[in-house]
file start_20.tsv (TSV, C-alpha atoms)
chain	number	residue	atom	x	y	z
A	228	MET	CA	-31.01	21.51	-36.45
A	229	LYS	CA	-34.07	20.92	-38.60
A	230	GLU	CA	-33.99	17.67	-40.56
A	231	PHE	CA	-34.55	18.09	-44.30
A	232	ASN	CA	-36.82	15.64	-46.11
A	233	LYS	CA	-36.72	17.22	-49.55
A	234	PHE	CA	-34.80	19.80	-51.54
A	235	GLN	CA	-37.50	22.39	-50.95
A	236	ASP	CA	-36.56	22.37	-47.23
A	237	LEU	CA	-33.09	23.63	-48.17
A	238	ILE	CA	-34.54	26.31	-50.44
A	239	ASP	CA	-36.97	27.44	-47.72
A	240	ILE	CA	-34.27	27.85	-45.07
A	241	ALA	CA	-32.04	29.72	-47.54
A	242	ILE	CA	-34.84	32.18	-48.33
A	243	LYS	CA	-35.61	32.74	-44.64
A	244	ALA	CA	-31.93	33.29	-43.82
A	245	LYS	CA	-31.57	35.83	-46.63
A	246	GLU	CA	-34.70	37.67	-45.48
A	247	CYS	CA	-33.38	38.12	-41.93
A	248	ASN	CA	-29.72	38.60	-42.90
A	249	ARG	CA	-28.54	35.43	-41.16
A	250	ASP	CA	-26.19	32.56	-42.04
A	251	ILE	CA	-26.98	28.87	-42.46
A	252	ALA	CA	-25.45	25.85	-40.73
A	253	LEU	CA	-25.84	22.67	-42.77
A	254	GLU	CA	-25.28	19.11	-41.57
A	255	LEU	CA	-23.83	16.74	-44.17
A	256	THR	CA	-22.87	13.10	-44.25
A	257	VAL	CA	-19.25	12.32	-45.08
A	258	PRO	CA	-18.19	9.17	-46.95
A	259	GLY	CA	-16.52	6.63	-44.69
A	260	ARG	CA	-17.26	8.59	-41.52
A	261	GLU	CA	-19.60	7.71	-38.69
A	262	LYS	CA	-20.26	11.32	-37.73
A	263	THR	CA	-21.61	14.14	-39.84
A	264	GLU	CA	-20.01	17.52	-40.54
A	265	ILE	CA	-21.42	20.98	-40.05
A	266	ILE	CA	-20.63	23.68	-42.58
A	267	ILE	CA	-21.50	27.36	-42.33
A	268	VAL	CA	-22.77	29.25	-45.35
A	269	LYS	CA	-22.35	32.96	-44.71
A	270	ASN	CA	-25.29	35.12	-45.76
A	271	GLU	CA	-23.32	36.74	-48.57
A	272	ASN	CA	-22.70	33.29	-50.10
A	273	ILE	CA	-26.20	31.83	-49.83
A	274	ASP	CA	-27.22	32.60	-53.43
A	275	TYR	CA	-23.98	31.13	-54.78
A	276	LYS	CA	-24.24	27.97	-52.64
A	277	LEU	CA	-27.93	27.47	-53.36
A	278	ASP	CA	-27.17	27.66	-57.08
A	279	TYR	CA	-24.38	25.09	-56.55
A	280	TYR	CA	-26.70	22.78	-54.61
A	281	CYS	CA	-29.41	23.08	-57.28
A	282	LYS	CA	-26.93	22.09	-59.99
A	283	ASN	CA	-25.13	19.33	-58.09
A	284	TYR	CA	-27.58	17.71	-55.65
A	285	ASN	CA	-30.69	15.65	-56.37
A	286	GLU	CA	-34.18	15.93	-54.85
A	287	ASN	CA	-33.06	13.63	-52.00
A	288	LEU	CA	-30.27	16.13	-51.16
A	289	GLU	CA	-27.55	13.71	-52.29
A	290	LEU	CA	-24.53	14.91	-54.26
A	291	ASN	CA	-25.03	13.63	-57.80
A	292	ARG	CA	-21.45	12.37	-58.22
A	293	CYS	CA	-21.24	10.79	-54.73
A	294	LYS	CA	-24.50	9.68	-53.10
A	295	ASP	CA	-22.67	9.17	-49.78
A	296	ILE	CA	-22.56	12.96	-49.41
A	297	LYS	CA	-25.98	14.13	-48.33
A	298	ILE	CA	-27.39	17.28	-46.75
A	299	LYS	CA	-29.27	16.03	-43.68
A	300	GLY	CA	-30.53	19.28	-42.22
A	301	GLY	CA	-29.89	22.87	-41.41
A	302	ALA	CA	-30.46	25.84	-39.17
A	303	ILE	CA	-30.40	29.60	-39.42
A	304	VAL	CA	-27.53	30.93	-37.32
A	305	LEU	CA	-25.59	34.07	-36.44
A	306	TRP	CA	-22.13	32.75	-37.22
A	307	ASP	CA	-20.15	35.84	-36.20
A	308	THR	CA	-21.82	35.85	-32.78
A	309	MET	CA	-21.30	32.12	-32.33
A	310	TYR	CA	-17.65	32.43	-33.30
A	311	LEU	CA	-17.01	35.33	-30.92
A	312	MET	CA	-18.58	33.41	-28.03
A	313	PHE	CA	-16.47	30.36	-28.84
A	314	LYS	CA	-13.30	32.43	-29.22
A	315	ASN	CA	-13.89	34.31	-25.97
A	316	ASN	CA	-14.41	31.08	-24.04
A	317	PHE	CA	-11.06	29.67	-25.19
A	318	ASN	CA	-9.00	32.83	-24.76
A	319	LYS	CA	-9.58	33.07	-20.99
call {"tool": "encode", "arguments": {"input": "start_20.tsv", "output": "structure tokens"}}
result
Amino acid sequence: MKEFNKFQDLIDIAIKAKECNRDIALELTVPGREKTEIIIVKNENIDYKLDYYCKNYNENLELNRCKDIKIKGGAIVLWDTMYLMFKNNFNK
């Protein structure tokens, strides 16, 4: 997962994912938790989520209403393929 240092890093990965029809995995901090969370943004939702992030997160990738929630990094992924591999491994 690539660490983000500025908001432009999030924009760049979103553009690249849209160009190659891929999804995005984002790592976020969670208030009161030691470990981070990973969320998947499906390709079809990237524009919507990027608009949301632009309106609700600051340049440091912190949620405006709760600075403890921060986007730490991201990666371009093939979620459907990852899910099928995971599912197949647990259904044996």
call {"tool": "closest_residue", "arguments": {"input": "start_20.tsv", "among": "A:Phe317, A:Tyr284, A:Tyr275, A:Phe231", "to": "Leu253 (chain A)", "atoms": "all atoms listed in the file"}}
result
A:Phe231
call {"tool": "residues_around", "arguments": {"input": "start_20.tsv", "residues": "region 232-246 of chain A", "least_positions_apart": "5", "cutoff": "6 Å", "atoms": "only C-alpha atoms", "output": "PyMOL selection string"}}
result
chain A and resi 286-288+303
call {"tool": "residues_around", "arguments": {"input": "start_20.tsv", "residues": "Thr256 (chain A)", "least_positions_apart": "2", "cutoff": "8 Å", "atoms": "all atoms listed in the file", "output": "PDB file with C-alpha atoms, in the coordinates of the input"}}
result
ATOM      1  CA  GLU A 254     -25.280  19.110 -41.570  1.00  0.00           C
ATOM      2  CA  PRO A 258     -18.190   9.170 -46.950  1.00  0.00           C
ATOM      3  CA  ARG A 260     -17.260   8.590 -41.520  1.00  0.00           C
ATOM      4  CA  LYS A 262     -20.260  11.320 -37.730  1.00  0.00           C
ATOM      5  CA  THR A 263     -21.610  14.140 -39.840  1.00  0.00           C
ATOM      6  CA  GLU A 264     -20.010  17.520 -40.540  1.00  0.00           C
ATOM      7  CA  ASP A 295     -22.670   9.170 -49.780  1.00  0.00           C
ATOM      8  CA  ILE A 296     -22.560  12.960 -49.410  1.00  0.00           C
ATOM      9  CA  LYS A 297     -25.980  14.130 -48.330  1.00  0.00           C
ATOM     10  CA  ILE A 298     -27.390  17.280 -46.750  1.00  0.00           C
ATOM     11  CA  LYS A 299     -29.270  16.030 -43.680  1.00  0.00           C
TER      12      LYS A 299
END
call {"tool": "atom_distance", "arguments": {"input": "start_20.tsv", "atom1": "CA of Glu289 (chain A)", "atom2": "CA of Asn248 (chain A)"}}
result
26.7 Å
call {"tool": "residues_around", "arguments": {"input": "start_20.tsv", "residues": "region 267-270 of chain A", "least_positions_apart": "4", "cutoff": "6 Å", "atoms": "all atoms listed in the file", "output": "VMD selection string"}}
result
chain A and resid 249 to 252
call {"tool": "atom_distance", "arguments": {"input": "start_20.tsv", "atom1": "CA of Met228 (chain A)", "atom2": "CA of Val304 (chain A)"}}
result
10.1 Å
call {"tool": "atom_distance", "arguments": {"input": "start_20.tsv", "atom1": "CA of Trp306 (chain A)", "atom2": "CA of Glu271 (chain A)"}}
result
12.1 Å
call {"tool": "closest_residue", "arguments": {"input": "start_20.tsv", "among": "A:Lys282, A:Lys276, A:Lys229, A:Lys294", "to": "Val257 (chain A)", "atoms": "all atoms listed in the file"}}
result
A:Lys294
call {"tool": "build_atoms", "arguments": {"input": "start_20.tsv", "residues": "region 233-262 of chain A", "atoms": "N, CA and C atoms", "output": "CSV table (one decimal), keeping the file's coordinate frame"}}
result
chain,number,residue,atom,x,y,z
A,233,LYS,N,-36.7,17.0,-48.1
A,233,LYS,CA,-36.7,17.2,-49.6
A,233,LYS,C,-35.9,18.5,-49.9
A,234,PHE,N,-35.6,18.7,-51.1
A,234,PHE,CA,-34.8,19.8,-51.5
A,234,PHE,C,-35.5,21.1,-51.2
A,235,GLN,N,-36.8,21.2,-51.3
A,235,GLN,CA,-37.5,22.4,-51.0
A,235,GLN,C,-37.2,22.9,-49.5
A,236,ASP,N,-36.9,22.0,-48.6
A,236,ASP,CA,-36.6,22.4,-47.2
A,236,ASP,C,-35.3,23.2,-47.2
A,237,LEU,N,-34.3,22.9,-48.1
A,237,LEU,CA,-33.1,23.6,-48.2
A,237,LEU,C,-33.4,25.0,-48.8
A,238,ILE,N,-34.2,25.0,-49.8
A,238,ILE,CA,-34.5,26.3,-50.4
A,238,ILE,C,-35.3,27.2,-49.4
A,239,ASP,N,-36.2,26.7,-48.7
A,239,ASP,CA,-37.0,27.4,-47.7
A,239,ASP,C,-36.1,28.1,-46.7
A,240,ILE,N,-35.1,27.3,-46.1
A,240,ILE,CA,-34.3,27.8,-45.1
A,240,ILE,C,-33.3,28.9,-45.6
A,241,ALA,N,-32.9,28.7,-46.9
A,241,ALA,CA,-32.0,29.7,-47.5
A,241,ALA,C,-32.8,31.0,-47.7
A,242,ILE,N,-34.0,31.0,-48.2
A,242,ILE,CA,-34.8,32.2,-48.3
A,242,ILE,C,-35.0,32.9,-47.0
A,243,LYS,N,-35.4,32.1,-46.0
A,243,LYS,CA,-35.6,32.7,-44.6
A,243,LYS,C,-34.3,33.4,-44.1
A,244,ALA,N,-33.2,32.7,-44.3
A,244,ALA,CA,-31.9,33.3,-43.8
A,244,ALA,C,-31.6,34.6,-44.6
A,245,LYS,N,-31.8,34.6,-45.9
A,245,LYS,CA,-31.6,35.8,-46.6
A,245,LYS,C,-32.5,37.0,-46.2
A,246,GLU,N,-33.7,36.6,-45.9
A,246,GLU,CA,-34.7,37.7,-45.5
A,246,GLU,C,-34.3,38.3,-44.2
A,247,CYS,N,-33.7,37.6,-43.2
A,247,CYS,CA,-33.4,38.1,-41.9
A,247,CYS,C,-31.9,38.3,-41.8
A,248,ASN,N,-31.2,38.3,-42.9
A,248,ASN,CA,-29.7,38.6,-42.9
A,248,ASN,C,-28.9,37.7,-41.9
A,249,ARG,N,-29.2,36.4,-42.0
A,249,ARG,CA,-28.5,35.4,-41.2
A,249,ARG,C,-27.8,34.4,-42.0
A,250,ASP,N,-27.0,33.6,-41.4
A,250,ASP,CA,-26.2,32.6,-42.0
A,250,ASP,C,-26.9,31.2,-41.9
A,251,ILE,N,-26.4,30.2,-42.5
A,251,ILE,CA,-27.0,28.9,-42.5
A,251,ILE,C,-25.9,27.9,-42.0
A,252,ALA,N,-26.3,27.0,-41.1
A,252,ALA,CA,-25.4,25.8,-40.7
A,252,ALA,C,-26.1,24.6,-41.4
A,253,LEU,N,-25.3,23.9,-42.1
A,253,LEU,CA,-25.8,22.7,-42.8
A,253,LEU,C,-25.1,21.4,-42.2
A,254,GLU,N,-25.8,20.4,-42.0
A,254,GLU,CA,-25.3,19.1,-41.6
A,254,GLU,C,-25.2,18.2,-42.8
A,255,LEU,N,-24.0,17.6,-43.0
A,255,LEU,CA,-23.8,16.7,-44.2
A,255,LEU,C,-23.2,15.4,-43.7
A,256,THR,N,-23.5,14.4,-44.5
A,256,THR,CA,-22.9,13.1,-44.2
A,256,THR,C,-21.5,13.2,-45.0
A,257,VAL,N,-20.6,12.4,-44.5
A,257,VAL,CA,-19.2,12.3,-45.1
A,257,VAL,C,-18.9,10.9,-45.4
A,258,PRO,N,-18.5,10.6,-46.6
A,258,PRO,CA,-18.2,9.2,-47.0
A,258,PRO,C,-17.1,8.6,-46.0
A,259,GLY,N,-17.4,7.4,-45.5
A,259,GLY,CA,-16.5,6.6,-44.7
A,259,GLY,C,-16.4,7.1,-43.3
A,260,ARG,N,-17.3,8.0,-42.9
A,260,ARG,CA,-17.3,8.6,-41.5
A,260,ARG,C,-18.6,8.3,-40.8
A,261,GLU,N,-18.4,8.0,-39.5
A,261,GLU,CA,-19.6,7.7,-38.7
A,261,GLU,C,-20.4,9.0,-38.4
A,262,LYS,N,-19.7,10.1,-38.1
A,262,LYS,CA,-20.3,11.3,-37.7
A,262,LYS,C,-20.4,12.3,-38.9
